[in-house]
$ cat model-v2.pdb   # PDB, C-alpha atoms (C1' of nucleotides)
MODEL        1
ATOM      1  CA  MET A   1      22.577   7.214 -16.568  1.00  0.00           C
ATOM      2  CA  LYS A   2      20.698   7.742 -13.389  1.00  0.00           C
ATOM      3  CA  SER A   3      21.858   9.908 -10.557  1.00  0.00           C
ATOM      4  CA  LYS A   4      22.515   8.039  -7.359  1.00  0.00           C
ATOM      5  CA  ILE A   5      20.953  10.829  -5.353  1.00  0.00           C
ATOM      6  CA  GLU A   6      17.614  10.001  -6.984  1.00  0.00           C
ATOM      7  CA  GLU A   7      15.967   7.490  -4.703  1.00  0.00           C
ATOM      8  CA  SER A   8      13.621   4.862  -5.997  1.00  0.00           C
ATOM      9  CA  PHE A   9       9.959   4.836  -5.212  1.00  0.00           C
ATOM     10  CA  PHE A  10      10.522   2.110  -2.668  1.00  0.00           C
ATOM     11  CA  ASP A  11      13.277   4.036  -0.904  1.00  0.00           C
ATOM     12  CA  ARG A  12      11.000   7.016  -0.453  1.00  0.00           C
ATOM     13  CA  VAL A  13       8.310   4.768   0.954  1.00  0.00           C
ATOM     14  CA  TYR A  14      10.713   3.274   3.466  1.00  0.00           C
ATOM     15  CA  SER A  15      11.895   6.737   4.498  1.00  0.00           C
ATOM     16  CA  VAL A  16       8.357   7.802   5.322  1.00  0.00           C
ATOM     17  CA  VAL A  17       7.263   4.590   7.024  1.00  0.00           C
ATOM     18  CA  ARG A  18      10.343   4.586   9.216  1.00  0.00           C
ATOM     19  CA  GLU A  19       9.302   8.007  10.540  1.00  0.00           C
ATOM     20  CA  ILE A  20       5.969   6.726  11.835  1.00  0.00           C
ATOM     21  CA  PRO A  21       6.043   7.389  15.596  1.00  0.00           C
ATOM     22  CA  TYR A  22       5.267   4.756  18.202  1.00  0.00           C
ATOM     23  CA  GLY A  23       1.576   4.193  18.717  1.00  0.00           C
ATOM     24  CA  LYS A  24       0.637   5.887  15.466  1.00  0.00           C
ATOM     25  CA  VAL A  25      -0.603   4.489  12.165  1.00  0.00           C
ATOM     26  CA  THR A  26      -1.028   5.726   8.624  1.00  0.00           C
ATOM     27  CA  THR A  27      -2.406   4.484   5.337  1.00  0.00           C
ATOM     28  CA  TYR A  28      -0.935   3.312   2.050  1.00  0.00           C
ATOM     29  CA  GLY A  29      -2.701   6.013   0.076  1.00  0.00           C
ATOM     30  CA  THR A  30      -1.520   8.775   2.393  1.00  0.00           C
ATOM     31  CA  ILE A  31       2.091   7.679   2.074  1.00  0.00           C
ATOM     32  CA  ALA A  32       1.775   7.412  -1.688  1.00  0.00           C
ATOM     33  CA  ARG A  33       0.306  10.890  -1.836  1.00  0.00           C
ATOM     34  CA  CYS A  34       3.062  12.240   0.394  1.00  0.00           C
ATOM     35  CA  ILE A  35       5.787  11.092  -1.968  1.00  0.00           C
ATOM     36  CA  GLY A  36       3.956  12.485  -4.958  1.00  0.00           C
ATOM     37  CA  SER A  37       2.143   9.490  -6.427  1.00  0.00           C
ATOM     38  CA  PRO A  38      -1.383   9.367  -5.004  1.00  0.00           C
ATOM     39  CA  GLN A  39      -2.362   6.450  -7.203  1.00  0.00           C
ATOM     40  CA  SER A  40       0.621   4.326  -6.328  1.00  0.00           C
ATOM     41  CA  ALA A  41      -0.832   3.113  -3.071  1.00  0.00           C
ATOM     42  CA  ARG A  42      -0.474  -0.473  -4.301  1.00  0.00           C
ATOM     43  CA  MET A  43       3.251   0.026  -4.681  1.00  0.00           C
ATOM     44  CA  VAL A  44       3.495   1.069  -1.043  1.00  0.00           C
ATOM     45  CA  GLY A  45       2.154  -2.287   0.008  1.00  0.00           C
ATOM     46  CA  TRP A  46       4.450  -3.937  -2.497  1.00  0.00           C
ATOM     47  CA  ALA A  47       7.362  -2.107  -0.921  1.00  0.00           C
ATOM     48  CA  MET A  48       6.318  -3.446   2.457  1.00  0.00           C
ATOM     49  CA  ASN A  49       6.474  -6.951   1.078  1.00  0.00           C
ATOM     50  CA  ASN A  50      10.082  -6.468   0.045  1.00  0.00           C
ATOM     51  CA  SER A  51      10.897  -4.519   3.186  1.00  0.00           C
ATOM     52  CA  HIS A  52      11.235  -7.791   5.064  1.00  0.00           C
ATOM     53  CA  ASN A  53      14.302  -8.546   2.976  1.00  0.00           C
ATOM     54  CA  LEU A  54      15.610  -5.003   2.693  1.00  0.00           C
ATOM     55  CA  ILE A  55      14.866  -3.044   5.856  1.00  0.00           C
ATOM     56  CA  PRO A  56      13.485  -4.973   8.855  1.00  0.00           C
ATOM     57  CA  GLU A  57      13.298  -1.706  10.769  1.00  0.00           C
ATOM     58  CA  VAL A  58      10.274  -0.621   8.756  1.00  0.00           C
ATOM     59  CA  PRO A  59       7.189  -0.791  11.004  1.00  0.00           C
ATOM     60  CA  ALA A  60       4.906  -2.243   8.346  1.00  0.00           C
ATOM     61  CA  HIS A  61       2.351  -3.079  11.014  1.00  0.00           C
ATOM     62  CA  ARG A  62       1.663   0.644  11.402  1.00  0.00           C
ATOM     63  CA  VAL A  63       0.512   0.872   7.797  1.00  0.00           C
ATOM     64  CA  VAL A  64      -3.075  -0.073   7.001  1.00  0.00           C
ATOM     65  CA  ASN A  65      -5.575   0.702   4.320  1.00  0.00           C
ATOM     66  CA  ARG A  66      -7.658   3.862   4.386  1.00  0.00           C
ATOM     67  CA  ASN A  67     -10.455   2.089   6.262  1.00  0.00           C
ATOM     68  CA  GLY A  68      -8.163   1.252   9.168  1.00  0.00           C
ATOM     69  CA  LEU A  69      -8.431  -2.392   8.194  1.00  0.00           C
ATOM     70  CA  LEU A  70      -5.414  -4.665   8.589  1.00  0.00           C
ATOM     71  CA  THR A  71      -5.380  -5.806   4.992  1.00  0.00           C
ATOM     72  CA  GLY A  72      -1.677  -6.664   5.088  1.00  0.00           C
ATOM     73  CA  LYS A  73      -1.863  -8.948   8.079  1.00  0.00           C
ATOM     74  CA  ASN A  74      -1.571 -11.978   5.811  1.00  0.00           C
ATOM     75  CA  HIS A  75       1.999 -11.045   4.938  1.00  0.00           C
ATOM     76  CA  PHE A  76       3.350 -10.955   8.458  1.00  0.00           C
ATOM     77  CA  GLY A  77       3.792 -14.681   8.592  1.00  0.00           C
ATOM     78  CA  ASN A  78       1.383 -14.953  11.488  1.00  0.00           C
ATOM     79  CA  VAL A  79      -2.013 -13.422  10.915  1.00  0.00           C
ATOM     80  CA  GLU A  80      -2.253 -12.412  14.569  1.00  0.00           C
ATOM     81  CA  LEU A  81       1.190 -10.805  14.656  1.00  0.00           C
ATOM     82  CA  MET A  82       0.185  -7.491  13.113  1.00  0.00           C
ATOM     83  CA  GLN A  83      -2.781  -7.084  15.417  1.00  0.00           C
ATOM     84  CA  LYS A  84      -0.630  -8.060  18.377  1.00  0.00           C
ATOM     85  CA  LEU A  85       2.022  -5.463  17.555  1.00  0.00           C
ATOM     86  CA  LEU A  86      -0.571  -2.705  17.224  1.00  0.00           C
ATOM     87  CA  GLN A  87      -2.291  -3.643  20.468  1.00  0.00           C
ATOM     88  CA  ASP A  88       1.102  -3.670  22.147  1.00  0.00           C
ATOM     89  CA  GLU A  89       1.452  -0.016  21.147  1.00  0.00           C
ATOM     90  CA  GLY A  90      -1.857   0.869  22.735  1.00  0.00           C
ATOM     91  CA  ILE A  91      -3.974   0.609  19.606  1.00  0.00           C
ATOM     92  CA  LYS A  92      -7.220  -1.308  19.898  1.00  0.00           C
ATOM     93  CA  VAL A  93      -7.857  -3.727  17.079  1.00  0.00           C
ATOM     94  CA  ILE A  94     -11.020  -5.749  16.792  1.00  0.00           C
ATOM     95  CA  ASN A  95     -11.731  -8.101  13.921  1.00  0.00           C
ATOM     96  CA  ASP A  96      -8.759  -6.682  11.965  1.00  0.00           C
ATOM     97  CA  GLN A  97     -10.262  -3.224  12.346  1.00  0.00           C
ATOM     98  CA  ILE A  98      -8.497  -0.402  14.216  1.00  0.00           C
ATOM     99  CA  ILE A  99     -10.779   1.181  16.791  1.00  0.00           C
ATOM    100  CA  ASP A 100     -10.778   4.986  16.840  1.00  0.00           C
ATOM    101  CA  PHE A 101      -8.572   4.913  13.780  1.00  0.00           C
ATOM    102  CA  ASN A 102      -8.789   8.664  13.234  1.00  0.00           C
ATOM    103  CA  SER A 103      -7.352   9.243  16.696  1.00  0.00           C
ATOM    104  CA  HIS A 104      -4.281   7.099  16.020  1.00  0.00           C
ATOM    105  CA  PHE A 105      -3.836   8.330  12.462  1.00  0.00           C
ATOM    106  CA  TRP A 106      -0.518  10.012  11.712  1.00  0.00           C
ATOM    107  CA  ASP A 107      -0.019  12.267   8.728  1.00  0.00           C
ATOM    108  CA  PRO A 108       3.400  11.843   7.023  1.00  0.00           C
ATOM    109  CA  MET A 109       3.246  15.515   6.097  1.00  0.00           C
ATOM    110  CA  SER A 110       3.842  16.323   9.763  1.00  0.00           C
ATOM    111  CA  ILE A 111       7.543  15.545   9.321  1.00  0.00           C
ATOM    112  CA  TYR A 112       7.889  18.522   7.035  1.00  0.00           C
TER     113      TYR A 112
ATOM    114  C1'  DT B   1      11.491  -9.865 -22.880  1.00  0.00           C
ATOM    115  C1'  DG B   2       6.248  -9.164 -22.758  1.00  0.00           C
ATOM    116  C1'  DA B   3       2.584 -10.025 -19.834  1.00  0.00           C
ATOM    117  C1'  DT B   4       0.791 -10.402 -15.314  1.00  0.00           C
ATOM    118  C1'  DT B   5       0.197  -9.244 -10.633  1.00  0.00           C
ATOM    119  C1'  DG B   6       0.440  -7.095  -6.187  1.00  0.00           C
ATOM    120  C1'  DA B   7      -0.550  -5.440   1.533  1.00  0.00           C
ATOM    121  C1'  DC B   8      -4.733   0.369  -2.595  1.00  0.00           C
ATOM    122  C1'  DC B   9      -7.787   4.173  -3.853  1.00  0.00           C
ATOM    123  C1'  DA B  10     -11.032   6.807  -6.331  1.00  0.00           C
ATOM    124  C1'  DA B  11     -13.833   7.509 -10.207  1.00  0.00           C
ATOM    125  C1'  DC B  12     -17.088   5.760 -13.214  1.00  0.00           C
ATOM    126  C1'  DT B  13     -21.179   2.764 -14.855  1.00  0.00           C
TER     127       DT B  13
ATOM    128  C1'  DC C   1     -25.910   1.183  -4.187  1.00  0.00           C
ATOM    129  C1'  DA C   2     -22.629  -2.307  -5.826  1.00  0.00           C
ATOM    130  C1'  DG C   3     -19.519  -3.967  -9.211  1.00  0.00           C
ATOM    131  C1'  DT C   4     -15.959  -2.730 -12.608  1.00  0.00           C
ATOM    132  C1'  DT C   5     -11.925  -0.178 -14.275  1.00  0.00           C
ATOM    133  C1'  DG C   6      -8.025   2.758 -14.551  1.00  0.00           C
ATOM    134  C1'  DG C   7      -3.723   4.183 -12.613  1.00  0.00           C
ATOM    135  C1'  DC C   8       0.873   3.905 -10.575  1.00  0.00           C
ATOM    136  C1'  DC C   9       6.097   1.247 -10.204  1.00  0.00           C
ATOM    137  C1'  DA C  10       8.510  -2.731  -9.522  1.00  0.00           C
ATOM    138  C1'  DA C  11       9.094  -7.717  -9.269  1.00  0.00           C
ATOM    139  C1'  DT C  12       7.780 -12.310 -10.880  1.00  0.00           C
ATOM    140  C1'  DC C  13       6.413 -15.825 -14.494  1.00  0.00           C
TER     141       DC C  13
ENDMDL
END

$ encode --input "model-v2.pdb" --output "structure tokens"
Amino acid sequence: MKSKIEESFFDRVYSVVREIPYGKVTTYGTIARCIGSPQSARMVGWAMNNSHNLIPEVPAHRVVNRNGLLTGKNHFGNVELMQKLLQDEGIKVINDQIIDFNSHFWDPMSIY
DNA sequence: TGATTGACCAACT
DNA sequence: CAGTTGGCCAATC
């Protein structure tokens, strides 16, 4: 029998994503690495997909791939919504690509 | 209930 | 240099 204190992979993902500060972005791989599964980056995106049903407070629009490309924009309902949200936070996005991505990048390890 | 897939990444050929 | 493959966990078919 599993301990209730043991959180699922998804729960850990949500915990990290929720801590992303305003105007900052991070990547799937970085989050996956932060929770101890560097190669589970795909699951992070999968968690985002379910997050719409589970935790609407998760800023999924602040999570992009390692290239700073808005690969998950197709899952926001409106393709332009993700880009709009990022631009509203002061992040420049052109052609689904975050401009000066390294400057807006936020490392989840900073919460430790 | 087994097989497939899914918003990724890195290594290998 | 570009295309393929392996890996991870959970949900869907």

$ atom_distance --input "model-v2.pdb" --atom1 "atom C1' of B:DA7" --atom2 "atom CA of A:Thr71"
6.0 Å

$ closest_atom_pairs --input "model-v2.pdb" --of "chain B" --to "chain A" --cutoff "12 Å" --atoms "all atoms listed in the file" --output "CSV"
residue,atom,partner,partner_atom,distance
B:DT5,C1',A:Trp46,CA,10.6
B:DG6,C1',A:Trp46,CA,6.3
B:DA7,C1',A:Gly72,CA,3.9
B:DC8,C1',A:Arg42,CA,4.7
B:DC9,C1',A:Gly29,CA,6.7
B:DA10,C1',A:Gln39,CA,8.7
B:DA11,C1',A:Gln39,CA,11.9

$ interface_residues --input "model-v2.pdb" --of "chain C" --to "chain A" --cutoff "8 Å" --atoms "all atoms listed in the file" --output "list in words"
DG7, DC8, DC9 and DA10 of chain C

$ write_last_selection --input "model-v2.pdb" --atoms "C-alpha atoms (C1' of nucleotides)" --output "PDB file, keeping the file's coordinate frame"
ATOM      1  C1'  DG C   7      -3.723   4.183 -12.613  1.00  0.00           C
ATOM      2  C1'  DC C   8       0.873   3.905 -10.575  1.00  0.00           C
ATOM      3  C1'  DC C   9       6.097   1.247 -10.204  1.00  0.00           C
ATOM      4  C1'  DA C  10       8.510  -2.731  -9.522  1.00  0.00           C
TER       5       DA C  10
END

$ atom_distance --input "model-v2.pdb" --atom1 "atom CA of A:Ile91" --atom2 "atom CA of A:Thr26"
12.5 Å

$ residues_around --input "model-v2.pdb" --residues "A:Ile55" --least-positions-apart "6" --cutoff "10 Å" --atoms "all atoms listed in the file" --output "list of chain:residue names"
A:Asp11, A:Tyr14, A:Arg18, A:Met48

$ atom_distance --input "model-v2.pdb" --atom1 "atom CA of A:Val16" --atom2 "atom CA of A:Ile94"
26.3 Å

$ residues_around --input "model-v2.pdb" --residues "A:Ile99" --least-positions-apart "4" --cutoff "12 Å" --atoms "only C-alpha atoms (C1' of nucleotides)" --output "MDAnalysis selection string"
chainID A and resid 25 67:70 83 86:87 90:95 103:105

$ resolve_selection --input "model-v2.pdb" --expression "the PyMOL selection byres ((chain C and resi 1) around 12)" --output "list in words"
DT13 of chain B; DA2 and DG3 of chain C

$ write_last_selection --input "model-v2.pdb" --atoms "C-alpha atoms (C1' of nucleotides)" --output "mmCIF file, in the coordinates of the input"
data_model
loop_
_atom_site.group_PDB
_atom_site.id
_atom_site.type_symbol
_atom_site.label_atom_id
_atom_site.label_comp_id
_atom_site.auth_asym_id
_atom_site.auth_seq_id
_atom_site.Cartn_x
_atom_site.Cartn_y
_atom_site.Cartn_z
ATOM 1 C "C1'" DT B 13 -21.179 2.764 -14.855
ATOM 2 C "C1'" DA C 2 -22.629 -2.307 -5.826
ATOM 3 C "C1'" DG C 3 -19.519 -3.967 -9.211
#

$ resolve_selection --input "model-v2.pdb" --expression "the PyMOL selection byres ((chain B and resi 4) around 12)" --output "PyMOL selection string"
(chain B and resi 2-3+5-6) or (chain C and resi 11-13)

$ build_atoms --input "model-v2.pdb" --residues "stretch 71-82 of chain A" --atoms "all heavy atoms" --output "mmCIF file, keeping the file's coordinate frame"
data_model
loop_
_atom_site.group_PDB
_atom_site.id
_atom_site.type_symbol
_atom_site.label_atom_id
_atom_site.label_comp_id
_atom_site.auth_asym_id
_atom_site.auth_seq_id
_atom_site.Cartn_x
_atom_site.Cartn_y
_atom_site.Cartn_z
ATOM 1 N N THR A 71 -5.360 -5.013 6.221
ATOM 2 C CA THR A 71 -5.380 -5.806 4.992
ATOM 3 C C THR A 71 -4.073 -6.549 4.770
ATOM 4 O O THR A 71 -4.039 -7.540 4.066
ATOM 5 C CB THR A 71 -5.658 -4.899 3.789
ATOM 6 O OG1 THR A 71 -4.741 -3.824 3.811
ATOM 7 C CG2 THR A 71 -7.065 -4.387 3.815
ATOM 8 N N GLY A 72 -2.981 -6.054 5.347
ATOM 9 C CA GLY A 72 -1.677 -6.664 5.088
ATOM 10 C C GLY A 72 -1.271 -7.688 6.120
ATOM 11 O O GLY A 72 -0.150 -8.156 6.128
ATOM 12 N N LYS A 73 -2.199 -8.028 6.991
ATOM 13 C CA LYS A 73 -1.863 -8.948 8.079
ATOM 14 C C LYS A 73 -1.420 -10.312 7.558
ATOM 15 O O LYS A 73 -0.650 -11.006 8.197
ATOM 16 C CB LYS A 73 -3.079 -9.123 8.979
ATOM 17 C CG LYS A 73 -4.197 -9.812 8.250
ATOM 18 C CD LYS A 73 -5.336 -10.177 9.182
ATOM 19 C CE LYS A 73 -6.368 -10.988 8.397
ATOM 20 N NZ LYS A 73 -7.463 -11.416 9.238
ATOM 21 N N ASN A 74 -1.886 -10.664 6.380
ATOM 22 C CA ASN A 74 -1.571 -11.978 5.811
ATOM 23 C C ASN A 74 -0.102 -12.127 5.437
ATOM 24 O O ASN A 74 0.366 -13.227 5.203
ATOM 25 C CB ASN A 74 -2.429 -12.220 4.571
ATOM 26 C CG ASN A 74 -3.893 -12.325 4.935
ATOM 27 O OD1 ASN A 74 -4.242 -12.981 5.893
ATOM 28 N ND2 ASN A 74 -4.734 -11.656 4.181
ATOM 29 N N HIS A 75 0.602 -11.015 5.378
ATOM 30 C CA HIS A 75 1.999 -11.045 4.938
ATOM 31 C C HIS A 75 2.980 -10.963 6.101
ATOM 32 O O HIS A 75 4.165 -10.819 5.894
ATOM 33 C CB HIS A 75 2.244 -9.913 3.951
ATOM 34 C CG HIS A 75 1.478 -10.085 2.689
ATOM 35 N ND1 HIS A 75 1.986 -10.711 1.569
ATOM 36 C CD2 HIS A 75 0.205 -9.748 2.376
ATOM 37 C CE1 HIS A 75 1.065 -10.725 0.630
ATOM 38 N NE2 HIS A 75 -0.018 -10.156 1.083
ATOM 39 N N PHE A 76 2.470 -11.023 7.289
ATOM 40 C CA PHE A 76 3.350 -10.955 8.458
ATOM 41 C C PHE A 76 3.762 -12.338 8.941
ATOM 42 O O PHE A 76 4.334 -12.486 9.994
ATOM 43 C CB PHE A 76 2.649 -10.213 9.595
ATOM 44 C CG PHE A 76 2.777 -8.718 9.469
ATOM 45 C CD1 PHE A 76 1.983 -7.997 8.597
ATOM 46 C CD2 PHE A 76 3.733 -8.045 10.226
ATOM 47 C CE1 PHE A 76 2.119 -6.628 8.483
ATOM 48 C CE2 PHE A 76 3.872 -6.676 10.113
ATOM 49 C CZ PHE A 76 3.063 -5.960 9.235
ATOM 50 N N GLY A 77 3.482 -13.329 8.161
ATOM 51 C CA GLY A 77 3.792 -14.681 8.592
ATOM 52 C C GLY A 77 2.668 -15.208 9.442
ATOM 53 O O GLY A 77 1.958 -16.112 9.044
ATOM 54 N N ASN A 78 2.507 -14.604 10.623
ATOM 55 C CA ASN A 78 1.383 -14.953 11.488
ATOM 56 C C ASN A 78 0.297 -13.899 11.353
ATOM 57 O O ASN A 78 0.558 -12.711 11.469
ATOM 58 C CB ASN A 78 1.845 -15.023 12.946
ATOM 59 C CG ASN A 78 2.796 -16.196 13.153
ATOM 60 O OD1 ASN A 78 2.880 -17.099 12.318
ATOM 61 N ND2 ASN A 78 3.514 -16.163 14.249
ATOM 62 N N VAL A 79 -0.904 -14.346 11.131
ATOM 63 C CA VAL A 79 -2.013 -13.422 10.915
ATOM 64 C C VAL A 79 -2.274 -12.561 12.156
ATOM 65 O O VAL A 79 -2.692 -11.426 12.067
ATOM 66 C CB VAL A 79 -3.278 -14.212 10.550
ATOM 67 C CG1 VAL A 79 -4.447 -13.264 10.322
ATOM 68 C CG2 VAL A 79 -3.026 -15.052 9.301
ATOM 69 N N GLU A 80 -1.975 -13.124 13.321
ATOM 70 C CA GLU A 80 -2.253 -12.412 14.569
ATOM 71 C C GLU A 80 -1.119 -11.481 14.982
ATOM 72 O O GLU A 80 -1.255 -10.701 15.908
ATOM 73 C CB GLU A 80 -2.508 -13.421 15.685
ATOM 74 C CG GLU A 80 -3.717 -14.292 15.400
ATOM 75 C CD GLU A 80 -3.926 -15.310 16.495
ATOM 76 O OE1 GLU A 80 -3.087 -15.379 17.406
ATOM 77 O OE2 GLU A 80 -4.935 -16.028 16.442
ATOM 78 N N LEU A 81 0.019 -11.586 14.278
ATOM 79 C CA LEU A 81 1.190 -10.805 14.656
ATOM 80 C C LEU A 81 0.963 -9.305 14.495
ATOM 81 O O LEU A 81 1.263 -8.520 15.383
ATOM 82 C CB LEU A 81 2.387 -11.251 13.799
ATOM 83 C CG LEU A 81 3.676 -10.499 14.082
ATOM 84 C CD1 LEU A 81 4.086 -10.667 15.538
ATOM 85 C CD2 LEU A 81 4.787 -10.963 13.155
ATOM 86 N N MET A 82 0.408 -8.911 13.374
ATOM 87 C CA MET A 82 0.185 -7.491 13.113
ATOM 88 C C MET A 82 -0.748 -6.884 14.149
ATOM 89 O O MET A 82 -0.481 -5.817 14.694
ATOM 90 C CB MET A 82 -0.411 -7.329 11.713
ATOM 91 C CG MET A 82 -0.547 -5.873 11.274
ATOM 92 S SD MET A 82 -1.094 -5.704 9.571
ATOM 93 C CE MET A 82 -0.922 -3.925 9.358
#
